[in-house]
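K.L.:
This is model.cif (mmCIF, C-alpha atoms).
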data_target
#
loop_
_atom_site.label_atom_id
_atom_site.label_comp_id
_atom_site.auth_asym_id
_atom_site.auth_seq_id
_atom_site.Cartn_x
_atom_site.Cartn_y
_atom_site.Cartn_z
CA MET A 1 -12.35 27.17 25.51
CA SER A 2 -14.64 29.72 23.92
CA ARG A 3 -14.80 30.24 20.17
CA ARG A 4 -13.19 33.67 20.51
CA ALA A 5 -10.25 32.31 22.52
CA ARG A 6 -9.78 29.47 20.04
CA ILE A 7 -9.59 31.93 17.14
CA LEU A 8 -7.12 34.08 19.13
CA VAL A 9 -4.85 31.03 19.51
CA PHE A 10 -5.43 29.87 15.94
CA LEU A 11 -4.63 33.10 14.05
CA PRO A 12 -1.01 33.60 15.24
CA ALA A 13 -0.35 29.88 14.67
CA LEU A 14 -1.80 30.16 11.16
CA ALA A 15 0.39 33.20 10.44
CA VAL A 16 3.57 31.47 11.66
CA PHE A 17 3.00 28.11 9.95
CA GLY A 18 1.61 29.77 6.83
CA ALA A 19 4.70 31.97 6.53
CA LEU A 20 6.99 28.93 7.05
CA LEU A 21 5.10 26.99 4.38
CA VAL A 22 5.33 29.86 1.86
CA TRP A 23 9.03 30.24 2.64
CA ALA A 24 9.65 26.53 2.11
CA VAL A 25 7.69 26.37 -1.16
CA VAL A 26 9.48 29.44 -2.55
CA GLY A 27 12.82 27.76 -1.79
CA LEU A 28 11.96 24.57 -3.70
CA PRO A 29 13.65 23.87 -7.04
CA ASP A 30 11.48 24.97 -9.96
CA PHE A 31 9.04 22.46 -11.46
CA GLY A 32 10.90 19.84 -13.49
CA HIS A 33 14.35 20.81 -12.17
CA TYR A 34 15.75 17.60 -10.71
CA VAL A 35 18.86 18.26 -8.64
CA GLY A 36 19.82 14.83 -7.20
CA PRO A 37 22.67 12.96 -8.91
CA TYR A 38 21.53 9.42 -8.04
CA GLY A 39 18.52 9.32 -10.35
CA TYR A 40 20.65 9.91 -13.44
CA LEU A 41 23.33 7.52 -12.20
CA LEU A 42 20.89 4.68 -11.53
CA ASN A 43 19.05 5.18 -14.81
CA HIS A 44 22.36 4.60 -16.57
CA VAL A 45 23.75 1.69 -14.54
CA ALA A 46 20.66 -0.26 -13.41
CA LEU A 47 19.89 -1.99 -16.70
CA PRO A 48 23.44 -3.09 -17.61
CA GLU A 49 24.32 -4.01 -13.99
CA ARG A 50 21.13 -5.63 -12.68
CA HIS A 51 19.23 -6.53 -15.88
CA MET A 52 15.95 -5.13 -14.61
CA THR A 53 14.05 -2.70 -16.80
CA ASN A 54 12.10 -1.25 -13.85
CA VAL A 55 14.80 0.78 -12.11
CA VAL A 56 12.59 1.40 -9.07
CA THR A 57 12.40 -2.34 -8.37
CA ALA A 58 16.15 -2.68 -9.03
CA VAL A 59 16.72 -0.06 -6.32
CA VAL A 60 14.24 -1.52 -3.83
CA PHE A 61 15.09 -5.23 -4.16
CA ASP A 62 18.73 -5.01 -5.13
CA TYR A 63 20.73 -1.79 -4.54
CA ARG A 64 19.02 -1.25 -1.20
CA GLY A 65 17.75 -4.80 -0.74
CA PHE A 66 19.01 -4.90 2.85
CA ASP A 67 16.86 -1.88 3.81
CA THR A 68 13.83 -3.48 2.16
CA MET A 69 14.45 -6.62 4.22
CA GLY A 70 14.29 -4.45 7.36
CA GLU A 71 11.03 -2.92 6.17
CA GLU A 72 9.62 -6.38 5.51
CA PHE A 73 10.37 -7.32 9.11
CA ILE A 74 8.68 -4.12 10.31
CA LEU A 75 5.53 -5.38 8.55
CA LEU A 76 6.00 -8.86 10.05
CA GLY A 77 6.40 -7.31 13.51
CA ALA A 78 3.32 -5.12 13.07
CA VAL A 79 1.16 -8.02 11.88
CA THR A 80 2.41 -10.25 14.70
CA GLY A 81 1.64 -7.49 17.20
CA VAL A 82 -1.92 -7.04 15.94
CA ALA A 83 -2.49 -10.80 15.95
CA LEU A 84 -1.14 -11.10 19.50
CA LEU A 85 -3.36 -8.30 20.76
CA LEU A 86 -6.58 -9.10 18.91
CA ARG A 87 -6.59 -12.84 18.30
CA SER A 88 -8.78 -14.53 20.85
CA GLN A 89 -8.88 -18.21 21.64
CA GLU A 90 -12.57 -18.77 21.06
CA ARG A 91 -14.26 -17.52 17.92
CA ASP A 92 -17.89 -16.60 17.60
CA GLU A 93 -19.57 -19.36 15.67
CA GLU A 94 -22.64 -17.23 15.09
CA VAL A 95 -21.79 -15.37 11.92
CA ARG A 96 -23.62 -12.70 10.01
CA GLU A 97 -25.93 -13.25 7.07
CA GLY A 98 -24.70 -12.84 3.52
CA VAL A 99 -24.97 -9.53 1.72
CA GLY A 100 -28.55 -8.82 0.66
CA SER A 101 -27.88 -6.53 -2.28
CA ASP A 102 -27.45 -8.25 -5.65
CA THR A 103 -25.65 -5.16 -7.00
CA VAL A 104 -22.96 -5.36 -4.31
CA ARG A 105 -22.63 -9.09 -4.95
CA VAL A 106 -22.19 -8.76 -8.74
CA VAL A 107 -19.83 -5.78 -8.53
CA GLY A 108 -17.86 -7.57 -5.81
CA ILE A 109 -17.46 -10.77 -7.82
CA VAL A 110 -16.35 -8.89 -10.97
CA LEU A 111 -14.02 -6.71 -8.92
CA ALA A 112 -12.48 -9.70 -7.12
CA GLY A 113 -11.51 -11.45 -10.35
CA ALA A 114 -10.23 -8.31 -12.07
CA ALA A 115 -8.27 -7.12 -9.03
CA LEU A 116 -6.73 -10.57 -8.48
CA LEU A 117 -5.51 -10.62 -12.08
CA VAL A 118 -4.11 -7.07 -11.89
CA GLY A 119 -2.39 -7.87 -8.59
CA LEU A 120 -0.75 -11.05 -9.91
CA TRP A 121 0.34 -9.20 -13.05
CA LEU A 122 1.88 -6.38 -11.01
CA ILE A 123 3.82 -8.92 -8.92
CA ALA A 124 4.95 -11.12 -11.82
CA PHE A 125 6.17 -8.22 -13.98
CA GLY A 126 7.25 -6.01 -11.07
CA PHE A 127 10.87 -5.88 -12.22
CA VAL A 128 10.01 -5.41 -15.91
CA THR A 129 7.26 -2.78 -15.80
CA PRO A 130 5.97 -0.56 -12.94
CA GLY A 131 4.70 -2.61 -10.04
CA GLY A 132 6.29 -5.00 -7.58
CA GLY A 133 5.67 -7.32 -4.68
CA PHE A 134 4.34 -4.70 -2.29
CA GLN A 135 1.79 -3.06 -4.59
CA GLY A 136 0.71 -6.34 -6.18
CA GLY A 137 0.54 -8.04 -2.78
CA VAL A 138 -1.83 -5.43 -1.33
CA ILE A 139 -4.04 -5.58 -4.45
CA VAL A 140 -4.23 -9.40 -4.22
CA ALA A 141 -5.22 -9.03 -0.55
CA GLY A 142 -7.86 -6.46 -1.56
CA ALA A 143 -9.23 -8.84 -4.20
CA ILE A 144 -9.54 -11.63 -1.66
CA PHE A 145 -11.17 -9.17 0.74
CA CYS A 146 -13.95 -8.78 -1.87
CA VAL A 147 -15.02 -12.30 -0.86
CA PHE A 148 -16.07 -10.84 2.48
CA LEU A 149 -17.96 -8.05 0.72
CA CYS A 150 -19.87 -10.23 -1.73
CA ALA A 151 -20.22 -13.54 0.09
CA ASP A 152 -20.93 -14.42 3.70
CA PHE A 153 -18.58 -14.48 6.61
CA SER A 154 -18.02 -18.24 6.64
CA ALA A 155 -16.76 -18.04 3.02
CA TRP A 156 -14.33 -15.33 4.11
CA ARG A 157 -13.11 -17.50 7.01
CA GLY A 158 -12.52 -20.30 4.52
CA VAL A 159 -10.35 -18.05 2.34
CA ALA A 160 -8.57 -16.10 5.07
CA SER A 161 -7.72 -19.12 7.17
CA GLN A 162 -5.05 -18.74 9.84
CA THR A 163 -3.54 -22.10 9.01
CA VAL A 164 -2.74 -20.86 5.49
CA LEU A 165 -1.96 -17.19 6.09
CA ASP A 166 0.32 -17.45 9.14
CA PRO A 167 2.85 -19.80 7.48
CA LEU A 168 2.70 -17.80 4.20
CA GLU A 169 3.52 -14.59 6.06
CA GLY A 170 6.47 -16.18 7.84
CA LEU A 171 7.75 -18.07 4.78
CA GLY A 172 7.64 -14.89 2.68
CA ALA A 173 9.77 -13.03 5.19
CA ALA A 174 12.09 -16.01 5.70
CA GLY A 175 12.51 -16.54 1.95
CA TYR A 176 14.00 -13.07 1.63
CA VAL A 177 16.63 -13.91 4.26
CA VAL A 178 17.31 -17.32 2.67
CA ILE A 179 18.06 -15.64 -0.69
CA GLY A 180 20.43 -13.30 1.13
CA LEU A 181 22.12 -16.21 2.91
CA ALA A 182 22.42 -18.16 -0.37
CA ALA A 183 24.63 -15.36 -1.67
CA LEU A 184 26.64 -15.45 1.56
CA ILE A 185 27.17 -19.23 1.33
CA SER A 186 28.34 -18.84 -2.28
CA GLY A 187 31.06 -16.47 -1.15
CA TYR A 188 29.47 -13.12 -1.96
CA PRO A 189 28.35 -10.45 0.52
CA PHE A 190 24.82 -10.90 1.95
CA LEU A 191 22.03 -10.42 -0.65
CA THR A 192 24.44 -9.91 -3.58
CA ASN A 193 22.57 -10.51 -6.82
CA GLU A 194 25.15 -12.75 -8.50
CA LEU A 195 23.79 -16.27 -8.23
CA LEU A 196 21.58 -16.52 -11.30
CA GLY A 197 22.46 -15.57 -14.83
CA PRO A 198 21.51 -12.15 -16.17
CA GLY A 199 18.70 -13.50 -18.37
CA VAL A 200 17.13 -11.32 -21.03
CA PRO A 201 16.24 -7.84 -19.73
CA GLY A 202 12.61 -6.96 -20.40
CA THR A 203 11.40 -10.56 -20.00
CA LEU A 204 10.35 -12.58 -16.96
CA HIS A 205 13.69 -14.37 -17.17
CA SER A 206 15.85 -11.45 -16.02
CA GLY A 207 17.03 -9.69 -12.91
CA GLY A 208 18.90 -12.60 -11.25
CA THR A 209 17.53 -13.25 -7.74
CA GLY A 210 15.39 -10.06 -7.88
CA PRO A 211 12.22 -11.82 -9.08
CA PHE A 212 12.47 -14.37 -6.23
CA ILE A 213 12.81 -11.62 -3.64
CA ASN A 214 9.87 -9.94 -5.34
CA TRP A 215 7.67 -13.04 -4.92
CA CYS A 216 8.75 -13.51 -1.28
CA VAL A 217 7.74 -9.92 -0.55
CA ALA A 218 4.46 -10.42 -2.42
CA PHE A 219 3.56 -13.48 -0.29
CA ALA A 220 4.54 -11.78 2.96
CA VAL A 221 2.64 -8.59 2.11
CA SER A 222 -0.57 -10.18 0.84
CA ALA A 223 -0.68 -12.65 3.74
CA GLY A 224 0.17 -9.87 6.20
CA VAL A 225 -2.53 -7.51 4.93
CA LEU A 226 -5.09 -10.34 4.93
CA ILE A 227 -4.18 -11.24 8.52
CA LEU A 228 -4.68 -7.59 9.51
CA PHE A 229 -8.08 -7.40 7.75
CA SER A 230 -9.08 -10.73 9.24
CA GLU A 231 -8.15 -9.78 12.82
CA PHE A 232 -9.94 -6.45 12.58
CA LEU A 233 -13.06 -8.12 11.19
CA GLU A 234 -13.09 -10.83 13.86
CA GLU A 235 -12.58 -8.28 16.60
CA TYR A 236 -14.83 -5.43 15.52
CA ILE A 237 -17.36 -6.58 12.96
CA VAL A 238 -18.37 -10.09 14.01
CA PRO A 239 -19.40 -9.18 17.59
CA ILE A 240 -21.59 -6.39 16.19
CA ALA A 241 -23.13 -8.57 13.50
CA ALA A 242 -23.73 -11.42 15.92
CA GLY A 243 -25.10 -9.55 18.88
CA GLY A 244 -25.26 -5.78 18.52
CA GLY A 245 -21.89 -4.78 19.93
CA LYS A 246 -20.09 -5.42 23.21
CA MET B 1 19.84 18.68 -16.36
CA ILE B 2 16.42 17.66 -17.63
CA VAL B 3 13.94 20.51 -17.37
CA ALA B 4 10.25 19.80 -17.76
CA THR B 5 7.33 22.21 -17.74
CA LEU B 6 3.86 21.66 -16.32
CA VAL B 7 1.72 20.36 -19.19
CA PRO B 8 -2.07 21.09 -19.22
CA LEU B 9 -3.00 17.55 -18.12
CA GLN B 10 -0.72 17.80 -15.08
CA ALA B 11 -2.05 21.27 -14.25
CA THR B 12 -5.66 20.04 -14.50
CA ILE B 13 -5.05 17.09 -12.18
CA LEU B 14 -3.09 19.28 -9.77
CA ALA B 15 -6.13 21.60 -9.60
CA LEU B 16 -8.42 18.58 -9.02
CA VAL B 17 -6.17 17.46 -6.15
CA GLY B 18 -6.57 20.93 -4.62
CA ILE B 19 -10.36 20.71 -4.95
CA GLY B 20 -10.36 17.14 -3.58
CA ALA B 21 -8.35 18.17 -0.50
CA THR B 22 -10.73 21.07 0.18
CA VAL B 23 -13.80 18.84 -0.17
CA LEU B 24 -12.15 16.29 2.15
CA ILE B 25 -11.57 18.75 5.00
CA LEU B 26 -15.09 20.18 4.59
CA THR B 27 -16.65 16.70 4.94
CA ARG B 28 -17.83 16.12 8.50
CA ASP B 29 -19.49 12.68 8.49
CA PRO B 30 -16.87 9.92 9.13
CA LEU B 31 -18.39 7.44 6.67
CA ARG B 32 -18.49 10.01 3.85
CA MET B 33 -15.02 11.15 4.84
CA THR B 34 -13.76 7.59 4.31
CA ILE B 35 -15.14 7.53 0.77
CA VAL B 36 -13.98 11.07 -0.06
CA SER B 37 -10.54 10.21 1.29
CA GLY B 38 -10.43 7.25 -1.11
CA VAL B 39 -11.37 9.53 -4.03
CA TYR B 40 -8.74 12.05 -2.93
CA GLY B 41 -6.11 9.29 -2.79
CA TRP B 42 -7.14 8.20 -6.27
CA LEU B 43 -6.67 11.80 -7.53
CA LEU B 44 -3.19 11.83 -5.99
CA THR B 45 -2.54 8.51 -7.76
CA LEU B 46 -3.48 10.14 -11.08
CA LEU B 47 -1.22 13.10 -10.28
CA PHE B 48 1.79 10.86 -9.57
CA PHE B 49 1.03 8.94 -12.74
CA VAL B 50 0.96 12.02 -15.00
CA LEU B 51 4.14 13.25 -13.26
CA SER B 52 5.83 10.06 -14.62
CA ALA B 53 6.06 8.21 -11.30
CA PRO B 54 3.94 5.07 -11.91
CA ASP B 55 5.56 3.07 -9.09
CA VAL B 56 4.76 5.77 -6.53
CA ALA B 57 1.27 6.02 -8.04
CA LEU B 58 0.69 2.29 -7.48
CA SER B 59 1.88 2.50 -3.88
CA MET B 60 -0.42 5.49 -3.30
CA LEU B 61 -3.29 3.57 -4.88
CA VAL B 62 -2.96 0.48 -2.69
CA VAL B 63 -2.52 2.48 0.50
CA SER B 64 -5.26 5.06 -0.07
CA CYS B 65 -7.84 2.95 -1.91
CA VAL B 66 -7.38 -0.51 -0.33
CA GLY B 67 -5.60 -0.52 3.02
CA TYR B 68 -6.58 2.77 4.65
CA PRO B 69 -10.35 2.75 3.85
CA VAL B 70 -10.74 -0.78 5.25
CA ILE B 71 -9.14 0.22 8.55
CA LEU B 72 -11.25 3.41 8.67
CA LEU B 73 -14.47 1.53 7.84
CA VAL B 74 -13.83 -0.91 10.66
CA ALA B 75 -13.35 2.00 13.08
CA VAL B 76 -16.49 3.78 11.79
CA THR B 77 -18.60 0.62 12.08
CA ARG B 78 -17.31 0.04 15.58
CA SER B 79 -18.02 3.58 16.79
CA ARG B 80 -21.50 3.65 15.20
CA ASN B 81 -22.55 0.45 16.95
CA LYS B 82 -21.33 1.35 20.41
#
Starting from the file, give its structure as C-alpha cells.
P.N.:
Amino acid sequence: MSRRARILVFLPALAVFGALLVWAVVGLPDFGHYVGPYGYLLNHVALPERHMTNVVTAVVFDYRGFDTMGEEFILLGAVTGVALLLRSQERDEEVREGVGSDTVRVVGIVLAGAALLVGLWLIAFGFVTPGGGFQGGVIVAGAIFCVFLCADFSAWRGVASQTVLDPLEGLGAAGYVVIGLAALISGYPFLTNELLGPGVPGTLHSGGTGPFINWCVAFAVSAGVLILFSEFLEEYIVPIAAGGGK
Amino acid sequence: MIVATLVPLQATILALVGIGATVLILTRDPLRMTIVSGVYGWLLTLLFFVLSAPDVALSMLVVSCVGYPVILLVAVTRSRNK
C-alpha cells in the first residue's frame, strides 16, 4: 500500500476514534469526584470487620478472596503452559561466560540485596501498609533474577532450580485452597476469615487468615515468575550464548 | 462526596507522563524502546503514587519495570541473533 493510500485510510480512522476519545473524556466525572459507593463503604467496614489496615489487601485476599484464588490459578496455568511448551529434556551444558563488566556486577549485587529486602518487606507487611503477595513476589523474583545479570549462568541455574521452584509454585497455589477448605471444615463458608483471632490491627499479628493467604500468593507468584524467566532464558538466551543461535 | 483538585505535583507528573508516552512512540529501536518503556512505566508509577493509589503504583512498578522488560529483552536478543 502506498504512503498516500495509507494516509487516506488513516485520516478518517483518526477522526472517528479521536472524536470518540474526546467524547468519552468529556463525559468522565471531574477530577477528584469519586462516584462509586463501595470505596466509602469498604473504608468504613474493612478495619473493624477484617482487622487489616490496608483496605486494598482486605478486598483482594478477603472480600473477594475467591476471585483472587481464580486469578492465582490463571497464573499457575500460564506458568505450566510455558513450562510444557519450552522445557526440553536435555539442557545445554555449555553455558555462557560470566559478565565482564565490573560496574554491572557491583550494581547487580547491590540491587539484588536491596530488592530482596524490599520485596520481603512488601510481602510481610502487605496487609498493614501498601504492598502484598503479588507485588512483593514479583520484586523477590526480580531480585533473584539479578543473580543472572551479575553472576554466570551456572549460578543462576543453582538459584532457579526446577526441583525447588516447581514444588513452591504448586504449594503456594495449593495453600490458598487449603486455607479456604480449613474454613469449610470448621463449618463456615469456603475461605471465610473466621478461624484466627482478630489480633491487633496495624501489627503483623492481625487480619486472621489474610496474612497466610498473602504468603501463599507470594510463594506462588515469585516461583511462577522465576520459572517463566528461567524457561525463557533456557530457550532463547542459552542457545545463542553457547553457539550463535539456532 | 470527597472532592480533590489537581495539585501542582500531580500536574507536573501528569505532564511528564505525556512527554514519556510521546518519547516512547517516537523511539524506533527495539532495545531503546524496552528501556524507554521501563522509564514510562516508572513515570506512571509515580503518577499513581501521587494520586494516592500506592497499591496500584506497586503493581504498575513490578509489571512495567521487572516483568515486561525481561520478556521484551529476551525477544529482542532472540531477534537480533537470528
K.L.:
What does the structure give for the distance between CA of Leu42 in chain A and CA of Tyr63 in chain A, in Å to one decimal?
P.N.:
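CA of Tyr63 in chain A lies 9.5 Å from CA of Leu42 in chain A.
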K.L.:
Using all atoms listed in the file for the distances, tell me which of A:Phe61, A:Tyr236, A:Phe219, A:Tyr188 is nearest to Leu76 in chain A.
P.N.:
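Of the candidates, the smallest distance to Leu76 in chain A is held by A:Phe219.
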K.L.:
Given the file shown, enumerate the residues that the PyMOL selection byres ((chain B) within 9 of (chain A)) captures and present them as a list in words.
P.N.:
Met1, Ile2, Val3, Ala4, Thr5, Leu6, Ala53, Pro54, Asp55, Leu58, Ser59, Met60, Leu61, Val62, Val63, Val66, Gly67, Val70, Ile71, Val74, Ala75, Thr77, Arg78, Asn81 and Lys82 of chain B
K.L.:
Kindly indicate which residue among B:Gly41, B:Pro8, B:Gly18, B:Pro30 lies nearest to Leu72 in chain B, using all atoms listed in the file for the distances.
P.N.:
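Smallest separation from Leu72 in chain B among the options: B:Pro30.
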K.L.:
Hey, which of B:Ser52, B:Arg80, B:Gly38, B:Leu44 ends up closest to Ile13 in chain B? Count all atoms listed in the file.
P.N.:
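Residue with the minimum atom-to-atom distance to Ile13 in chain B: B:Leu44.
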K.L.:
Expand the PyMOL selection byres ((chain A and resi 199) around 12) into the individual residues it matches in the shown file, reporting them as a list in words.
P.N.:
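Written out, the selection comes to Leu47, Pro48, Glu49, Arg50, His51, Met52, Thr53, Glu194, Leu195, Leu196, Gly197, Pro198, Val200, Pro201, Gly202, Thr203, Leu204, His205, Ser206, Gly207, Gly208, Thr209, Gly210 and Pro211 of chain A.
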K.L.:
What gap, in Å, lies between CA of Cys146 in chain A and CA of Ile109 in chain A?
P.N.:
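About the pair CA of Cys146 in chain A and CA of Ile109 in chain A: they are 7.2 Å apart.
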K.L.:
Set up a box along x, y and z of the file covering all listed atoms of range 61-76 of chain A, add 8 Å on every one of the six sides, and write the centre and edge lengths in Å to one decimal, as AutoDock Vina command-line options.
P.N.:
--center_x 13.1 --center_y -5.1 --center_z 2.6 --size_x 31.2 --size_y 23.6 --size_z 31.4
K.L.:
Quick one: residues within 9 Å of Ala151 in chain A, only C-alpha atoms, excluding same-chain residues fewer than 2 positions away - as a list in words?
P.N.:
Gly98, Val99, Arg105, Gly108, Ile109, Cys146, Val147, Phe148, Leu149, Phe153, Ser154, Ala155 and Trp156 of chain A
K.L.:
Using Å and a single decimal, report how far CA of Ser64 in chain B sits from CA of Ala11 in chain B.
P.N.:
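Taking CA of Ala11 in chain B and CA of Ser64 in chain B, their separation equals 21.8 Å.
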K.L.:
Can you tell me which residues surround Leu24 in chain B at a distance of at most 10 Å, considering only C-alpha atoms, apart from same-chain residues fewer than 2 positions away, and format the answer as a PyMOL selection string?
P.N.:
chain B and resi 18-22+26-28+32-40
K.L.:
Fewer than 2 positions away in the same chain doesn't count, so skip those; otherwise give me all residues within 8 Å of Trp215 in chain A, counting only C-alpha atoms, as a list in words.
P.N.:
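In the requested format, the answer is Ile123, Ala124, Gly133, Gly172, Pro211, Phe212, Ile213, Val217, Ala218 and Phe219 of chain A.
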K.L.:
My list of candidates is A:Glu169, A:Leu111, A:Ala183, A:Ala174. Which is closest to Thr80 in chain A when distances are computed with all atoms listed in the file?
P.N.:
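Of A:Glu169, A:Leu111, A:Ala183, A:Ala174, the one nearest Thr80 in chain A, counting all atoms listed in the file, is A:Glu169.
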